[in-house]
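The structure file entry-v7.pdb is reproduced below (PDB, C-alpha atoms).
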ATOM      1  CA  MET A   1       0.000   0.000   0.000
ATOM      2  CA  GLU A   2       1.236   3.460  -0.853
ATOM      3  CA  PRO A   3       1.785   5.634   2.218
ATOM      4  CA  ILE A   4       0.021   8.981   2.586
ATOM      5  CA  ILE A   5       2.339  11.878   3.367
ATOM      6  CA  ILE A   6       0.788  15.349   3.565
ATOM      7  CA  GLU A   7       2.477  18.559   4.687
ATOM      8  CA  SER A   8       0.611  20.856   7.049
ATOM      9  CA  THR A   9      -1.067  24.117   5.973
ATOM     10  CA  PRO A  10      -2.508  26.912   8.178
ATOM     11  CA  LYS A  11      -5.845  25.073   8.231
ATOM     12  CA  THR A  12      -4.943  21.402   7.785
ATOM     13  CA  PRO A  13      -2.625  19.060   9.696
ATOM     14  CA  SER A  14       0.372  17.054   8.520
ATOM     15  CA  VAL A  15      -0.397  13.395   7.907
ATOM     16  CA  ARG A  16       1.729  10.264   7.797
ATOM     17  CA  PHE A  17      -0.049   6.995   7.171
ATOM     18  CA  ASP A  18       2.413   4.175   6.550
ATOM     19  CA  ALA A  19       1.118   0.610   6.251
ATOM     20  CA  LYS A  20       4.556  -1.031   6.287
ATOM     21  CA  GLN A  21       5.566   0.688   9.528
ATOM     22  CA  GLY A  22       2.054   0.534  10.984
ATOM     23  CA  VAL A  23       2.025   4.279  11.624
ATOM     24  CA  VAL A  24      -1.045   6.511  11.560
ATOM     25  CA  GLU A  25      -0.102  10.065  12.440
ATOM     26  CA  ILE A  26      -2.019  13.359  12.323
ATOM     27  CA  LYS A  27      -0.346  16.473  13.624
ATOM     28  CA  GLY A  28      -1.032  20.209  13.741
ATOM     29  CA  ARG A  29      -4.167  22.243  13.097
ATOM     30  CA  SER A  30      -7.341  20.907  11.637
ATOM     31  CA  ILE A  31      -9.684  23.815  11.035
ATOM     32  CA  PRO A  32     -10.813  23.686   7.376
ATOM     33  CA  GLU A  33     -14.327  24.957   6.544
ATOM     34  CA  ASN A  34     -15.113  21.643   4.910
ATOM     35  CA  SER A  35     -13.201  18.838   6.521
ATOM     36  CA  VAL A  36     -14.746  15.966   4.509
ATOM     37  CA  GLU A  37     -12.663  16.862   1.465
ATOM     38  CA  PHE A  38      -9.486  16.530   3.530
ATOM     39  CA  TYR A  39     -10.384  13.431   5.554
ATOM     40  CA  LYS A  40     -12.169  11.242   2.999
ATOM     41  CA  PRO A  41      -8.929   9.927   1.419
ATOM     42  CA  LEU A  42      -7.577   9.170   4.911
ATOM     43  CA  VAL A  43     -10.667   7.216   5.921
ATOM     44  CA  ASP A  44     -10.609   5.350   2.591
ATOM     45  CA  TRP A  45      -6.938   4.493   3.125
ATOM     46  CA  LEU A  46      -7.708   3.065   6.584
ATOM     47  CA  GLU A  47     -10.573   1.036   5.144
ATOM     48  CA  GLN A  48      -8.118  -0.579   2.753
ATOM     49  CA  TYR A  49      -5.446  -0.920   5.463
ATOM     50  CA  SER A  50      -7.891  -2.735   7.740
ATOM     51  CA  GLY A  51      -7.883  -5.650   5.269
ATOM     52  CA  ASN A  52      -4.216  -6.324   5.996
ATOM     53  CA  PRO A  53      -2.915  -4.256   8.912
ATOM     54  CA  ALA A  54       0.594  -4.323  10.403
ATOM     55  CA  SER A  55       1.077  -6.538  13.468
ATOM     56  CA  LYS A  56       0.996  -3.376  15.530
ATOM     57  CA  THR A  57      -0.521  -0.034  14.537
ATOM     58  CA  ASN A  58       0.820   3.023  16.334
ATOM     59  CA  VAL A  59      -1.623   5.917  16.186
ATOM     60  CA  ASN A  60      -0.278   9.358  17.061
ATOM     61  CA  ILE A  61      -2.782  12.195  17.211
ATOM     62  CA  HIS A  62      -1.127  15.472  18.105
ATOM     63  CA  LEU A  63      -3.478  18.341  17.389
ATOM     64  CA  GLU A  64      -3.020  21.932  18.387
ATOM     65  CA  TYR A  65      -6.514  22.990  17.308
ATOM     66  CA  PHE A  66      -9.411  21.286  15.616
ATOM     67  CA  ASN A  67     -12.834  22.605  14.678
ATOM     68  CA  THR A  68     -16.174  20.853  15.069
ATOM     69  CA  SER A  69     -16.295  20.069  11.345
ATOM     70  CA  SER A  70     -13.058  18.064  11.771
ATOM     71  CA  SER A  71     -14.241  16.444  14.991
ATOM     72  CA  LYS A  72     -16.703  14.255  13.068
ATOM     73  CA  CYS A  73     -14.078  13.236  10.527
ATOM     74  CA  ILE A  74     -11.596  12.413  13.276
ATOM     75  CA  LEU A  75     -14.274  10.180  14.798
ATOM     76  CA  ASP A  76     -14.558   8.418  11.414
ATOM     77  CA  VAL A  77     -10.796   7.823  11.519
ATOM     78  CA  PHE A  78     -11.102   6.365  15.022
ATOM     79  CA  LYS A  79     -14.017   4.152  14.000
ATOM     80  CA  LYS A  80     -11.861   2.556  11.300
ATOM     81  CA  LEU A  81      -9.121   2.012  13.889
ATOM     82  CA  GLU A  82     -11.653   0.546  16.292
ATOM     83  CA  ALA A  83     -12.644  -2.005  13.643
ATOM     84  CA  ILE A  84      -8.981  -2.983  13.218
ATOM     85  CA  HIS A  85      -8.668  -3.345  17.000
ATOM     86  CA  LYS A  86     -11.870  -5.403  17.213
ATOM     87  CA  ALA A  87     -10.496  -7.820  14.623
ATOM     88  CA  LYS A  88      -7.871  -8.754  17.253
ATOM     89  CA  ASN A  89      -5.068  -6.555  15.975
ATOM     90  CA  ASN A  90      -2.779  -4.528  18.183
ATOM     91  CA  VAL A  91      -3.680  -0.830  17.997
ATOM     92  CA  ALA A  92      -2.038   1.709  20.330
ATOM     93  CA  VAL A  93      -3.540   5.197  20.391
ATOM     94  CA  ASN A  94      -1.385   8.056  21.661
ATOM     95  CA  TRP A  95      -3.320  11.296  22.211
ATOM     96  CA  TYR A  96      -0.955  14.239  22.644
ATOM     97  CA  TYR A  97      -2.060  17.475  24.267
ATOM     98  CA  GLU A  98      -0.122  20.550  25.208
ATOM     99  CA  GLU A  99       0.492  21.407  28.835
ATOM    100  CA  ASP A 100      -2.536  23.130  30.437
ATOM    101  CA  ASP A 101      -4.717  22.483  27.391
ATOM    102  CA  GLU A 102      -7.576  20.895  29.280
ATOM    103  CA  ASP A 103      -9.935  21.236  26.316
ATOM    104  CA  MET A 104      -7.655  19.040  24.199
ATOM    105  CA  LEU A 105      -7.288  16.470  26.989
ATOM    106  CA  GLU A 106     -11.078  16.409  27.372
ATOM    107  CA  ALA A 107     -11.511  15.991  23.617
ATOM    108  CA  GLY A 108      -9.290  12.898  23.810
ATOM    109  CA  GLU A 109     -11.327  11.534  26.691
ATOM    110  CA  ASP A 110     -14.537  12.117  24.722
ATOM    111  CA  TYR A 111     -13.220  10.054  21.800
ATOM    112  CA  GLU A 112     -11.932   7.370  24.128
ATOM    113  CA  SER A 113     -15.399   7.010  25.667
ATOM    114  CA  ILE A 114     -17.060   6.669  22.239
ATOM    115  CA  ILE A 115     -14.667   4.221  20.622
ATOM    116  CA  ARG A 116     -13.524   1.283  22.643
ATOM    117  CA  ILE A 117      -9.752   1.466  22.500
ATOM    118  CA  PRO A 118      -7.781   2.705  25.518
ATOM    119  CA  PHE A 119      -5.861   5.951  24.848
ATOM    120  CA  ASN A 120      -2.454   6.907  26.173
ATOM    121  CA  MET A 121      -2.818  10.547  27.146
ATOM    122  CA  ILE A 122       0.531  12.237  26.683
ATOM    123  CA  GLU A 123       1.159  15.749  27.928
ATOM    124  CA  VAL A 124       3.799  17.682  26.022
ATOM    125  CA  GLU A 125       5.408  20.995  26.805
ATOM    126  CA  ASP A 126       4.099  24.001  24.923
TER
ATOM    127  CA  MET B   1     -36.555  45.939  17.395
ATOM    128  CA  SER B   2     -35.816  47.100  13.896
ATOM    129  CA  PHE B   3     -32.394  46.837  12.366
ATOM    130  CA  ASN B   4     -29.922  49.653  12.005
ATOM    131  CA  LEU B   5     -26.443  48.441  11.042
ATOM    132  CA  GLN B   6     -24.550  51.485  12.301
ATOM    133  CA  GLU B   7     -26.221  51.293  15.691
ATOM    134  CA  SER B   8     -25.709  47.550  16.055
ATOM    135  CA  PHE B   9     -22.091  47.831  14.995
ATOM    136  CA  LYS B  10     -21.514  50.658  17.460
ATOM    137  CA  LYS B  11     -22.941  48.555  20.274
ATOM    138  CA  MET B  12     -20.678  45.667  19.348
ATOM    139  CA  ASN B  13     -17.668  47.985  19.369
ATOM    140  CA  LYS B  14     -17.795  48.601  23.106
ATOM    141  CA  GLY B  15     -14.669  47.904  25.144
ATOM    142  CA  ASP B  16     -11.104  47.506  23.946
ATOM    143  CA  VAL B  17     -11.572  46.356  20.348
ATOM    144  CA  LEU B  18      -8.978  43.924  18.966
ATOM    145  CA  LEU B  19     -10.640  43.561  15.598
ATOM    146  CA  ALA B  20     -13.834  44.773  13.923
ATOM    147  CA  TYR B  21     -15.026  43.741  10.479
ATOM    148  CA  LYS B  22     -18.145  44.059   8.387
ATOM    149  CA  GLY B  23     -18.434  42.621   4.904
ATOM    150  CA  SER B  24     -18.290  39.314   3.051
ATOM    151  CA  ILE B  25     -17.510  36.242   5.149
ATOM    152  CA  THR B  26     -15.321  34.028   2.956
ATOM    153  CA  ALA B  27     -12.824  31.241   3.682
ATOM    154  CA  GLU B  28      -9.971  33.666   2.857
ATOM    155  CA  LEU B  29     -11.339  36.257   5.264
ATOM    156  CA  ILE B  30     -11.465  33.636   8.020
ATOM    157  CA  THR B  31      -7.832  32.658   7.370
ATOM    158  CA  ASN B  32      -6.775  36.313   7.522
ATOM    159  CA  VAL B  33      -8.721  37.092  10.693
ATOM    160  CA  LEU B  34      -7.264  34.060  12.452
ATOM    161  CA  GLU B  35      -3.751  35.086  11.487
ATOM    162  CA  VAL B  36      -4.237  38.652  12.728
ATOM    163  CA  ILE B  37      -5.813  37.556  16.001
ATOM    164  CA  GLU B  38      -3.194  34.936  16.659
ATOM    165  CA  SER B  39      -0.414  37.495  16.432
ATOM    166  CA  LYS B  40      -2.389  40.015  18.537
ATOM    167  CA  LEU B  41      -3.016  37.402  21.215
ATOM    168  CA  ASP B  42       0.715  36.685  21.323
ATOM    169  CA  ASP B  43       1.210  40.258  22.502
ATOM    170  CA  VAL B  44      -1.405  40.333  25.246
ATOM    171  CA  ASN B  45      -0.683  39.192  28.719
ATOM    172  CA  THR B  46      -3.130  36.303  28.878
ATOM    173  CA  ALA B  47      -2.499  32.695  29.876
ATOM    174  CA  SER B  48      -1.788  30.385  26.959
ATOM    175  CA  ALA B  49      -4.801  28.203  27.848
ATOM    176  CA  VAL B  50      -7.065  31.270  27.550
ATOM    177  CA  ARG B  51      -5.468  32.332  24.255
ATOM    178  CA  LYS B  52      -6.140  28.854  22.887
ATOM    179  CA  LYS B  53      -9.731  29.031  24.049
ATOM    180  CA  ILE B  54     -10.218  32.407  22.342
ATOM    181  CA  TYR B  55      -8.729  31.036  19.127
ATOM    182  CA  ASN B  56     -10.875  27.902  19.241
ATOM    183  CA  VAL B  57     -14.081  29.782  19.950
ATOM    184  CA  LEU B  58     -13.251  32.298  17.223
ATOM    185  CA  VAL B  59     -12.795  29.489  14.690
ATOM    186  CA  GLU B  60     -16.237  28.100  15.553
ATOM    187  CA  SER B  61     -17.890  31.535  15.567
ATOM    188  CA  LEU B  62     -16.486  32.419  12.147
ATOM    189  CA  GLN B  63     -17.259  29.047  10.623
ATOM    190  CA  ASN B  64     -20.786  29.171  12.042
ATOM    191  CA  LEU B  65     -21.194  32.456  10.198
ATOM    192  CA  PHE B  66     -19.650  30.976   7.074
ATOM    193  CA  HIS B  67     -21.948  27.942   7.063
ATOM    194  CA  HIS B  68     -25.182  29.673   8.033
ATOM    195  CA  ILE B  69     -25.242  32.875   6.040
ATOM    196  CA  ASP B  70     -28.357  32.749   3.905
ATOM    197  CA  ASP B  71     -28.357  33.876   0.311
ATOM    198  CA  LEU B  72     -29.559  37.420   0.455
ATOM    199  CA  PRO B  73     -32.351  38.781  -1.721
ATOM    200  CA  ASP B  74     -31.576  41.569  -4.174
ATOM    201  CA  GLN B  75     -32.986  44.221  -1.888
ATOM    202  CA  ILE B  76     -30.335  43.460   0.754
ATOM    203  CA  LYS B  77     -27.612  42.827  -1.837
ATOM    204  CA  ASN B  78     -27.959  46.398  -3.073
ATOM    205  CA  GLU B  79     -27.212  47.659   0.386
ATOM    206  CA  PHE B  80     -24.736  45.050   1.717
ATOM    207  CA  ASP B  81     -21.944  42.828   0.380
ATOM    208  CA  ALA B  82     -22.779  39.272  -0.679
ATOM    209  CA  ARG B  83     -22.435  36.858   2.252
ATOM    210  CA  PHE B  84     -22.590  39.822   4.572
ATOM    211  CA  GLY B  85     -21.589  39.373   8.181
ATOM    212  CA  VAL B  86     -20.197  41.332  11.095
ATOM    213  CA  LEU B  87     -17.454  40.380  13.526
ATOM    214  CA  VAL B  88     -16.070  42.176  16.558
ATOM    215  CA  ILE B  89     -13.531  40.846  19.051
ATOM    216  CA  ALA B  90     -13.186  43.014  22.137
ATOM    217  CA  LYS B  91     -11.886  42.871  25.664
ATOM    218  CA  GLU B  92     -14.171  44.150  28.410
ATOM    219  CA  ASP B  93     -13.376  43.932  32.123
ATOM    220  CA  ASP B  94     -12.185  40.387  32.750
ATOM    221  CA  TYR B  95     -13.502  38.697  29.634
ATOM    222  CA  TYR B  96     -13.093  38.638  25.879
ATOM    223  CA  ARG B  97     -16.240  39.037  23.796
ATOM    224  CA  ILE B  98     -16.743  37.708  20.285
ATOM    225  CA  SER B  99     -19.747  39.331  18.610
ATOM    226  CA  THR B 100     -21.049  38.140  15.288
ATOM    227  CA  GLY B 101     -23.967  39.305  13.173
ATOM    228  CA  ASN B 102     -25.668  38.012  10.064
ATOM    229  CA  PHE B 103     -28.999  38.027   8.262
ATOM    230  CA  VAL B 104     -31.210  35.004   8.833
ATOM    231  CA  ARG B 105     -34.562  34.121   7.314
ATOM    232  CA  THR B 106     -37.328  35.138   9.714
ATOM    233  CA  GLY B 107     -38.701  31.604   9.500
ATOM    234  CA  LYS B 108     -35.564  30.275  11.189
ATOM    235  CA  VAL B 109     -35.588  32.690  14.125
ATOM    236  CA  LYS B 110     -37.789  30.640  16.446
ATOM    237  CA  GLN B 111     -35.752  27.456  15.991
ATOM    238  CA  LEU B 112     -32.474  29.292  16.507
ATOM    239  CA  LYS B 113     -33.743  30.990  19.683
ATOM    240  CA  GLU B 114     -34.895  27.648  21.054
ATOM    241  CA  LYS B 115     -31.537  26.055  20.275
ATOM    242  CA  ILE B 116     -29.541  28.760  22.068
ATOM    243  CA  ASP B 117     -31.936  28.846  25.047
ATOM    244  CA  LYS B 118     -31.656  25.086  25.348
ATOM    245  CA  ILE B 119     -27.837  25.141  25.233
ATOM    246  CA  ASN B 120     -27.742  28.021  27.742
ATOM    247  CA  SER B 121     -29.890  26.022  30.156
ATOM    248  CA  LEU B 122     -27.552  23.017  30.286
ATOM    249  CA  SER B 123     -24.981  22.250  32.956
ATOM    250  CA  ARG B 124     -21.386  21.487  32.006
ATOM    251  CA  GLU B 125     -21.971  17.739  32.284
ATOM    252  CA  GLU B 126     -25.143  17.953  30.179
ATOM    253  CA  LEU B 127     -23.276  19.936  27.515
ATOM    254  CA  LYS B 128     -20.554  17.312  27.449
ATOM    255  CA  ASP B 129     -23.141  14.560  26.955
ATOM    256  CA  MET B 130     -24.951  16.534  24.259
ATOM    257  CA  TYR B 131     -21.673  17.171  22.441
ATOM    258  CA  LYS B 132     -20.800  13.488  22.448
ATOM    259  CA  PHE B 133     -24.288  12.484  21.350
ATOM    260  CA  VAL B 134     -24.348  14.871  18.381
ATOM    261  CA  LEU B 135     -20.757  13.995  17.476
ATOM    262  CA  ASN B 136     -21.631  10.321  17.376
ATOM    263  CA  HIS B 137     -25.072  10.498  15.737
ATOM    264  CA  GLN B 138     -25.381  13.457  13.405
ATOM    265  CA  LYS B 139     -24.091  13.466   9.838
ATOM    266  CA  LEU B 140     -22.102  16.363   8.431
ATOM    267  CA  SER B 141     -24.080  18.648   6.148
ATOM    268  CA  ALA B 142     -22.975  19.086   2.539
ATOM    269  CA  LYS B 143     -21.286  22.333   3.568
ATOM    270  CA  GLY B 144     -19.317  20.561   6.283
ATOM    271  CA  GLY B 145     -21.258  21.880   9.282
ATOM    272  CA  GLY B 146     -21.967  19.372  12.005
ATOM    273  CA  GLY B 147     -24.473  21.139  14.238
ATOM    274  CA  LEU B 148     -21.815  21.180  16.949
ATOM    275  CA  GLY B 149     -20.558  24.774  16.753
ATOM    276  CA  LEU B 150     -22.768  26.405  19.387
ATOM    277  CA  ILE B 151     -22.535  23.407  21.726
ATOM    278  CA  ASP B 152     -18.751  23.503  21.460
ATOM    279  CA  ILE B 153     -18.662  27.251  22.121
ATOM    280  CA  ALA B 154     -20.835  26.855  25.241
ATOM    281  CA  LYS B 155     -18.760  23.917  26.460
ATOM    282  CA  LYS B 156     -15.414  25.652  25.957
ATOM    283  CA  THR B 157     -16.377  29.076  27.340
ATOM    284  CA  GLY B 158     -18.503  27.874  30.255
ATOM    285  CA  ASN B 159     -20.483  31.116  29.846
ATOM    286  CA  LYS B 160     -24.032  31.816  28.658
ATOM    287  CA  MET B 161     -24.415  33.164  25.133
ATOM    288  CA  GLU B 162     -26.338  36.387  24.516
ATOM    289  CA  TYR B 163     -28.366  37.019  21.401
ATOM    290  CA  SER B 164     -30.666  39.579  19.783
ATOM    291  CA  PHE B 165     -32.760  39.537  16.643
ATOM    292  CA  TYR B 166     -33.502  42.781  14.819
ATOM    293  CA  ASN B 167     -36.266  42.845  12.279
ATOM    294  CA  TYR B 168     -34.973  43.916   8.859
ATOM    295  CA  ASN B 169     -37.969  43.304   6.604
ATOM    296  CA  SER B 170     -40.818  40.807   6.255
ATOM    297  CA  GLU B 171     -38.413  38.023   5.247
ATOM    298  CA  PHE B 172     -35.175  38.673   7.128
ATOM    299  CA  ASP B 173     -33.924  39.353  10.632
ATOM    300  CA  PHE B 174     -30.447  40.383  11.650
ATOM    301  CA  PHE B 175     -29.036  37.956  14.212
ATOM    302  CA  ASN B 176     -26.487  39.196  16.739
ATOM    303  CA  LEU B 177     -24.672  36.648  18.922
ATOM    304  CA  ASN B 178     -22.262  37.481  21.751
ATOM    305  CA  VAL B 179     -20.042  34.852  23.334
ATOM    306  CA  PHE B 180     -17.738  35.457  26.283
ATOM    307  CA  ILE B 181     -14.402  33.913  27.241
ATOM    308  CA  SER B 182     -13.348  34.583  30.826
ATOM    309  CA  GLU B 183      -9.806  35.801  31.260
ATOM    310  CA  SER B 184      -9.232  33.884  34.442
ATOM    311  CA  LYS B 185      -9.862  30.193  34.646
ATOM    312  CA  ASN B 186     -13.274  29.304  36.007
TER
END
Can you turn what I pasted into structure tokens?
Amino acid sequence: MEPIIIESTPKTPSVRFDAKQGVVEIKGRSIPENSVEFYKPLVDWLEQYSGNPASKTNVNIHLEYFNTSSSKCILDVFKKLEAIHKAKNNVAVNWYYEEDDEDMLEAGEDYESIIRIPFNMIEVED
Amino acid sequence: MSFNLQESFKKMNKGDVLLAYKGSITAELITNVLEVIESKLDDVNTASAVRKKIYNVLVESLQNLFHHIDDLPDQIKNEFDARFGVLVIAKEDDYYRISTGNFVRTGKVKQLKEKIDKINSLSREELKDMYKFVLNHQKLSAKGGGGLGLIDIAKKTGNKMEYSFYNYNSEFDFFNLNVFISESKN
């Protein structure tokens, strides 16, 4: 499978999805007006990846900001990962949040309570 | 109340104004406003958690405007820019205020009032539950709106929203929304 590598822009995050390494990484700001356009290829990639995932998938979500339009798409990403996890594959989710950013920590907890994979909450310095 | 743009805009411009804008609300405008505000917030002596909250709430406020501005009839178009909206960010006492204004069809006023009143009546825990429920159950609209903007604003600010509707003509009202971010942590 071809990896997805996307550089960040002021309104969209950087992305690294690599099937060989089992890495799913989204980092930066996700505040586009229409997030579906940005996330659909990512969700489609995960759908394909779920057919033959790596022995361990490391998921790193490190967002500085995301808007409510993105929040639904990010849930779609997590639901694909949940399916991979349910099929008895190893999926580790690391949710990064900046020091004192309680809103971002809470957002991680909200996702964790909706999808049934335990999250590692990782605080990083600003 | 009937609508007078100058008067409404003047009211919104109370306090120490960081940014005031009236005109077309486009994706480019939103990008520019966010850039300006981010650099202004870097200069003010406010905790980084509060600056992030202001930025987050501003993103939602602007994108709410962007997604909900109705196509204006010719009568309004002669007087105002296409996709007309108003935005003011100001500091008053110990809070930041984000005021937005846009035309809405009169037929939508009742539903919008009910939605804001409902959100304002909820406790923090209830807002959290509502957010999760809508996140998990509602589909994104074709424009990319998810019906979560106001809930998210209420959840993040922890403050009640204020609104007014001003009658413009038989078909349209002007909707003014004020949201408040406390400078100190609640």
Taking all atoms listed in the file into account and nothing else, which residues of chain B lie no more than 10 Å away from chain A? Please answer as an MDAnalysis selection string. chainID B and resid 26:27 30:31 34:35 47:50 52:53 55:57 59:60 62:64 66:67 128:129 131:153 155:156
Kindly provide, as JSON, the centre and edge lengths (Å, one decimal) of an axis-aligned box around all atoms of segment 113-126 of chain A given in the file, with 4 Å on each side.
{"center_x": -5.8, "center_y": 12.6, "center_z": 24.3, "size_x": 30.5, "size_y": 30.7, "size_z": 15.3}
Given the PyMOL selection byres ((chain A and resi 116) around 12) and the file above, list the residues it selects as a list of chain:residue names.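 Evaluating the PyMOL selection byres ((chain A and resi 116) around 12) on this file yields A:Leu75, A:Phe78, A:Lys79, A:Lys80, A:Leu81, A:Glu82, A:Ala83, A:Ile84, A:His85, A:Lys86, A:Val91, A:Ala92, A:Val93, A:Glu109, A:Asp110, A:Tyr111, A:Glu112, A:Ser113, A:Ile114, A:Ile115, A:Ile117, A:Pro118, A:Phe119.
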Atom CA of Ala87 of chain A to atom CA of Arg16 of chain A, straight-line distance in Å: 22.9 Å
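Atom CA of Gln48 of chain A is positioned 20.0 Å from atom CA of Ile61 of chain A.
What separates atom CA of Ala19 of chain A from atom CA of Leu105 of chain A is a distance of 27.4 Å.
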Residues near Val24 of chain A, anyone? I mean within 10 Å using all atoms listed in the file, not counting same-chain ones fewer than 6 positions away, as a ChimeraX atom specification. /A:3-4,15-18,42,46,57-61,77,81,93
From the list B:Leu122, B:Pro73, B:Asn45, B:Ile116, which residue is nearest Ser170 of chain B when using only C-alpha atoms?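 Answer, going by the shortest atom-to-atom distance: B:Pro73.
Residue nearest Gly108 of chain A, chosen from A:Leu63, A:Asn89, A:Lys40, A:Thr9 and counting all atoms listed in the file: A:Leu63.
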Looking at only C-alpha atoms, which of B:Leu5, B:Ile181, B:Val17, B:Leu58 is the one that sits closest to Lys91 of chain B?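 Distance minimum relative to Lys91 of chain B lands on B:Val17.
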Quick one: everything within 9 Å of Ser182 of chain B, counting all atoms listed in the file, minus sequence neighbours fewer than 6 positions away in the same chain. Send it as a ChimeraX atom specification. /B:50,94-97,157-159
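Shortest separation to Ser50 of chain A among A:Ser30, A:Glu123, A:Met1, A:Met104 occurs at residue A:Met1, atoms counted being all atoms listed in the file.
Using all atoms listed in the file for every distance, the candidate list B:Asn169, B:Val33, B:Val44, B:Val86 yields B:Val86 as the residue closest to Gln6 of chain B.
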Taking the file above as input, evaluate the PyMOL selection byres ((chain B and resi 24) around 10) and report the hits as a PyMOL selection string. chain B and resi 21-23+25-27+29+66+69+80-86
Residues matched by the PyMOL selection byres ((chain B and resi 177) around 8) as a count of residues only: 11
For Ile74 of chain A, which residue among A:Ser14, A:Ile26, A:Pro53, A:Trp45 is the nearest when counting all atoms listed in the file? A:Ile26
